[in-house]
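Working notes, beginning with the structure itself.
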Amino acid sequence: QIKIQPSRSFIQQSEGLNMKIAITGATGQLGQLVLQFLLKETAVENIIALVRSPEKAASLQAQGIELRHFDYDQPDTLVPALQGVDKLLLISANEIGRRTPQHKAVIDAAAEAKVPYIAYTSLLRADTSPLGLSQEHRETESLIQASGLTYTFLRNNWYVENYLAAAGHVVETGTLFGAAKDGKINAASRADYAEAAAKVLTSSGHENKTYELASSDSFTLAQLAQTIQQVSGQNVHYQNLTAEDYTQGLLQAGLPAGLVDVIVDADINSIDGAMQSDRKDLEQLLGHPTTSLHSAVEAALK
């Protein structure tokens, strides 16, 4: 009689045994939120935080989360840190212009360590997006597909927090500046994207799928200004600028040139719909509508 031995991953999924889930960039804003949602979905023993600086992750260790040293620029740290990992979430690195080689190092290490599955936080419609940021995401997606790893692409649209970082200053001055005209934007909260990632990592049926993730409802920057006015009780209006004037204003405000390029590029491309999406993938993964713009503004002005 032939006895078929089920695969390890199948046993784990069916019997609830340890399924080791590792997160890169675990001390970053998105990474920390993913970890908190994972703690609601699975036992702490199943979670591994991959961190560049373990000394900065004391708060994670205090929660019982296992820390492993993981530095994209130190390839010898990567394969050992991925031993025994069943699912890996590669949160896209934040060094624009260096991300593709950093991501490649992680993908190569995952293949060498025999990690069976990788999820990657990409960009909305990365394959066709006109955004300057899209190139590195396209390259990373191609590297993952070429690696032979089972994957899920979590194509995150903009974070609504990107538009609310200076909400307090907007209330003080009464003006929200931008260059997006009346372009519709489906930016969701960082927490929504994090919760979706945690749900994908702790459930099955997402193998080799691509999710286009965006908020349930769109807004224009004029509507954002109106919402800030409603929440704050102060007069706020939207002032649309040319790309050149918006660039100069952001530079004069002290923002780094590279970041300014990304912000202005996003606004200009919003005019033609680069930030708009009718897809409900995010809402469906969450099992509920995404965070409302009103709630996001309230959180930003607390």
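Here's how to read the names in the structure tokens: chain A, B, ... by the order shown, residue numbers from 1 in each chain, ligand numbers from 1 in the order shown.
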
Counting only C-alpha atoms, which residues of segment 25-73 of chain A sit at most 7 Å from some atom of segment 82-103 of chain A, and what is each one's closest atom pair with its distance in Å to one decimal, listed by chain and rising residue number, as JSON lines?
{"residue": "A:Gly25", "atom": "CA", "partner": "A:Ile91", "partner_atom": "CA", "distance": 6.2}
{"residue": "A:Tyr72", "atom": "CA", "partner": "A:Gln102", "partner_atom": "CA", "distance": 5.3}
{"residue": "A:Asp73", "atom": "CA", "partner": "A:Gln102", "partner_atom": "CA", "distance": 6.9}

Write to file, as a short mmCIF file (atom, residue, chain, number, x, y, z; two decimals), in the first residue's frame, the residues of the selection just made, with all heavy atoms.
data_model
loop_
_atom_site.label_atom_id
_atom_site.label_comp_id
_atom_site.auth_asym_id
_atom_site.auth_seq_id
_atom_site.Cartn_x
_atom_site.Cartn_y
_atom_site.Cartn_z
N GLY A 25 11.55 44.95 6.68
CA GLY A 25 11.21 46.33 7.04
C GLY A 25 10.27 46.39 8.23
O GLY A 25 9.38 47.24 8.30
N TYR A 72 19.65 44.37 3.63
CA TYR A 72 19.72 44.21 2.18
C TYR A 72 21.14 44.39 1.66
O TYR A 72 21.53 43.78 0.66
CB TYR A 72 18.83 45.24 1.47
CG TYR A 72 17.38 45.21 1.83
CD1 TYR A 72 16.62 46.39 1.85
CD2 TYR A 72 16.72 44.03 2.13
CE1 TYR A 72 15.27 46.39 2.15
CE2 TYR A 72 15.38 44.01 2.44
CZ TYR A 72 14.66 45.19 2.45
OH TYR A 72 13.34 45.18 2.76
N ASP A 73 21.89 45.26 2.30
CA ASP A 73 23.24 45.59 1.82
C ASP A 73 24.31 44.69 2.42
O ASP A 73 25.50 44.88 2.16
CB ASP A 73 23.55 47.06 2.13
CG ASP A 73 22.60 48.00 1.39
OD1 ASP A 73 22.23 47.69 0.24
OD2 ASP A 73 22.19 49.02 1.97
#

Tell me, as a ChimeraX atom specification, which residues lie within 10 Å of Leu133 of chain A, counting only C-alpha atoms; anything in the same chain fewer than 6 positions away does not count. /A:96-97,122-123,126,262,265-266

What are the DSSP alpha helix (DSSP H) residues of segment 80-166 of chain A, as a VMD selection string? chain A and resid 80 to 81 99 to 112 134 to 147 161 to 164

Preceding selection exported with C-alpha atoms as a short mmCIF file (atom, residue, chain, number, x, y, z; two decimals), in the first residue's frame:
data_model
loop_
_atom_site.label_atom_id
_atom_site.label_comp_id
_atom_site.auth_asym_id
_atom_site.auth_seq_id
_atom_site.Cartn_x
_atom_site.Cartn_y
_atom_site.Cartn_z
CA PRO A 80 20.48 32.56 7.45
CA ALA A 81 17.62 34.86 8.48
CA ARG A 99 15.46 49.17 -4.60
CA THR A 100 15.82 46.74 -7.49
CA PRO A 101 19.26 45.40 -6.46
CA GLN A 102 18.17 45.31 -2.80
CA HIS A 103 15.00 43.42 -3.66
CA LYS A 104 16.96 41.07 -5.93
CA ALA A 105 19.23 40.18 -3.01
CA VAL A 106 16.17 39.26 -0.92
CA ILE A 107 14.52 37.26 -3.71
CA ASP A 108 17.74 35.34 -4.42
CA ALA A 109 18.16 34.61 -0.71
CA ALA A 110 14.57 33.42 -0.42
CA ALA A 111 15.10 31.01 -3.31
CA GLU A 112 18.36 29.76 -1.79
CA SER A 134 6.77 52.16 -11.09
CA GLN A 135 9.94 51.04 -12.87
CA GLU A 136 11.56 49.46 -9.80
CA HIS A 137 8.28 47.75 -8.91
CA ARG A 138 8.00 46.33 -12.43
CA GLU A 139 11.57 45.07 -12.23
CA THR A 140 10.96 43.48 -8.83
CA GLU A 141 7.77 41.75 -9.97
CA SER A 142 9.67 40.32 -12.94
CA LEU A 143 12.46 39.07 -10.67
CA ILE A 144 9.94 37.34 -8.41
CA GLN A 145 8.17 35.68 -11.33
CA ALA A 146 11.51 34.54 -12.77
CA SER A 147 12.57 33.09 -9.39
CA GLU A 161 -1.24 59.72 4.94
CA ASN A 162 0.96 61.09 2.14
CA TYR A 163 -1.64 63.83 1.65
CA LEU A 164 -2.16 64.41 5.37
#

Counting only C-alpha atoms, which residues of segment 112-217 of chain A sit at most 8 Å from some atom of segment 35-41 of chain A, and what is each one's closest atom pair with its distance in Å to one decimal, listed by chain and rising residue number, as CSV?
residue,atom,partner,partner_atom,distance
A:Ala194,CA,A:Phe37,CA,7.2
A:Glu195,CA,A:Phe37,CA,5.7
A:Ala198,CA,A:Leu38,CA,5.2
A:Lys199,CA,A:Glu41,CA,7.5
A:Thr202,CA,A:Glu41,CA,6.7

Residues of segment 105-280 of chain A in strand (DSSP E or B), written as a PyMOL selection string: chain A and resi 117-123+150-156+159+175-178+185+188+209-213+219+237-240
